[in-house]
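Read the structure below first, then the notes.
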Amino acid sequence: VVEEPPKVEEVVVEEPPKIENETNNADNTENNIQNIINMEHTPENMQTLHDNFVKNLDTFKDLCSGLETKKSEIETCKKSLEEFKAKGMNVDSALEPLDKQYNEVNEKLNKNISTLNTICKTFDSLLSSMNSN
């Protein structure tokens, strides 16, 4: 009896929307910086900034969680295929795209955590400067 390899469902890695006009992005960043510099401290502004910060952090966690789920699904699928490979079945053509998808998801997760680390360091620096004043 020859076992057939399992059907592999392709795990699709969604790409973030691409920014078509880098100049607009740079202009928006400059406008955001100017808005921050020119922002007046009011309880309403503090609350708005707090709410946006918390909302963005929740969105970040959700997006990372989705990527972690995809990574886990890919790992499970790869493990199954490796078991079939160990039994002598030729599943290399199914493993190759999974390896590529795994690397893409892992790279995105690594970039996300590095970016969050930079944000945390910047925030820590801000808090330090506030405490020293």
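Ordering of the structure tokens sets the chain letters (A, B, ...), residue numbers begin anew at 1 in every chain, and ligands are numbered from 1 in the order given.
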Can you list every residue of segment 54-89 of chain A that has an atom at most 10 Å from segment 93-111 of chain A, with its nearest atom pair and the distance in Å to one decimal, using only C-alpha atoms, ordered by chain then number, as a Markdown table?
```
| residue | atom | partner | partner_atom | distance |
| --- | --- | --- | --- | --- |
| A:Leu63 | CA | A:Leu109 | CA | 9.5 |
| A:Cys64 | CA | A:Leu109 | CA | 6.7 |
| A:Ser65 | CA | A:Leu109 | CA | 9.5 |
| A:Leu67 | CA | A:Val105 | CA | 6.3 |
| A:Glu68 | CA | A:Leu109 | CA | 7.8 |
| A:Thr69 | CA | A:Val105 | CA | 9.9 |
| A:Lys70 | CA | A:Val105 | CA | 7.5 |
| A:Lys71 | CA | A:Tyr102 | CA | 6.1 |
| A:Ser72 | CA | A:Tyr102 | CA | 9.1 |
| A:Glu73 | CA | A:Tyr102 | CA | 9.5 |
| A:Ile74 | CA | A:Tyr102 | CA | 6.4 |
| A:Glu75 | CA | A:Tyr102 | CA | 7.7 |
| A:Cys77 | CA | A:Leu98 | CA | 8.1 |
| A:Lys78 | CA | A:Leu95 | CA | 6.5 |
| A:Lys79 | CA | A:Leu95 | CA | 9.7 |
| A:Leu81 | CA | A:Leu95 | CA | 7.1 |
| A:Glu82 | CA | A:Leu95 | CA | 8.2 |
| A:Lys85 | CA | A:Leu95 | CA | 9.7 |
```
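Relative to atom CA of Asp62 of chain A, atom CA of Ile113 of chain A is found at 13.2 Å.
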What gap, in Å, lies between atom CA of Leu49 of chain A and atom CA of Phe123 of chain A?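 Straight-line distance from atom CA of Leu49 of chain A to atom CA of Phe123 of chain A works out to 13.5 Å.
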